[in-house]
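S.K.: Below you will find the structure I want to go over with you.
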Amino acid sequence: MPHLKPVGKKVIAIDGPAGSGKSTVARAVAARLGMPYLDTGAMYRAVAFAAMRRGVDPEDAADVAKLTVDLSLKVTDRVLVDGVDATIEVRSPEVTRAVSVVAANPGVRRELVRRQREWAEVNGSGVVEGRDIGTVVFPEAPVKIYMTASDEERAQRRSQEMLDMHYDDVAADIARRDHIDSTRPVAPLAIAPDAVVVDTTTSTVDEVVELVLRLAGEAGLV
Ligand code: DC
């Protein structure tokens with residue numbers, strides 16, 4: 001994919017699997033630094049939601065890629081898909097089940113990565129979280145964090161968010177998504193060689209936030 005302008009020079013990239021604590025940390029860091037925040041997972045979820053809403057099979061790669069290019073999508077603290085507020089729906093078990101196959105679609109990724117770079121260019125700086133932010137979207141980001149936690153801890157955290165799902169189902173769903181996300185041919189979940197790996201199994205949110213703020217300071221972002 002051509003990457004002509006290094007628009008990520010002021011980006012803090014936070015990657016990691018589901019339940020690693022990235023969203024909580026990314027939001028807190030953005031608030032502390034007064035930087036905009038982008039949840040790229042919400043963008044993939046929005047595409048899965050749009051496909052389901054329009055009766056397009058999420059497995060139909062060509063149709064889903066086509067839909068993505070035309071999709072009106074706004075991700076802030078709300079998720080607006082074609083002008084409809086889908087903030088709650090994009091977190092539903094149905095969307096969560098369909099999203100990995102949508103995120104493995106190269107046409108979808110091409111379009112969403114293009115929009116993510118455009119977002120960074122327009123905003124000038126930001127905290128961006130996802131799976132491929134430090135590896136593919138902004139390889140030039142001066143701060144890259146890869147957050148992780150034990151499988152049990154991640155499933156535990158997610159099951160507290162998904163109150164209508166059983167722990168065992170949440171754990172199985174996370175394991176399934178981890179597998180698809182890290183084995184897909186295009187932009188798999190991976191640790192960038194220059195990323196700082198943070199295991200959040202036993203650390204508090206505040207500790208991780210302070211670490212990221214220190215790294216941002218050292219990189220001259222603050
Ligand atoms: O972080 P999340 O659970 O909301 O992400 C939803 C899905 O999107 C997940 O299966 C991984 C995928 N994703 C991705 O492939 N690349 C990103 N940059 C962000 C999320």
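Letters for chains follow the order of the structure tokens (A, B, ...), residue numbers begin at 1 for each chain, and ligand numbers begin at 1 in the order shown.
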Using only C-alpha atoms and all ligand atoms, which protein or nucleic acid residues are at most 8 Å from ligand 1, as number ranges by chain?
M.R.: A: 15, 17-19, 23, 39-45, 91, 96, 99-104, 109, 129-133, 177-178, 180-181, 187-189
S.K.: Excluding Val79 (chain A) and any residue of its chain fewer than 6 positions from it, enumerate the residues within 9 Å of it, using only C-alpha atoms, and give them as a ChimeraX atom specification.
M.R.: /A:42-43,46,73,85-88,90
S.K.: For the strand (DSSP E) assignment from backbone DSSP, which residues of region 40-206 of chain A qualify? Please present them as a list in words.
M.R.: Leu73, Lys74, Val75, Val79, Leu80, Val81, Val84, Asp85, Gly126, Val127, Val128, Glu129, Gly130, Val143, Lys144, Ile145, Tyr146, Met147, Thr148, Val196, Val197, Val198 and Asp199 of chain A
S.K.: With DSSP run on the backbone, what are the alpha helix (DSSP H) residues within region 1-221 of chain A? I'd like them as an MDAnalysis selection string.
M.R.: chainID A and resid 22:33 40:53 61:70 93:103 106:123 151:161 167:183 205:218
S.K.: Mind pulling up the distance from CA of Glu140 (chain A) to CA of Arg110 (chain A)?
M.R.: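 Spanning CA of Arg110 (chain A) to CA of Glu140 (chain A) is a straight-line distance of 18.1 Å.
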S.K.: Of the residues A:Ala120, A:Ala149, A:Val95, A:Ala31, which is the one nearest to Arg53 (chain A), using only C-alpha atoms?
M.R.: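 Once distances to Arg53 (chain A) are computed over only C-alpha atoms, the minimum belongs to A:Val95.
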S.K.: Smallest atom-to-atom distance to Gly217 (chain A): which of A:Val143, A:Ala98, A:Val25, A:Ala50, using only C-alpha atoms?
M.R.: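 Result for the nearest residue to Gly217 (chain A): A:Val143.
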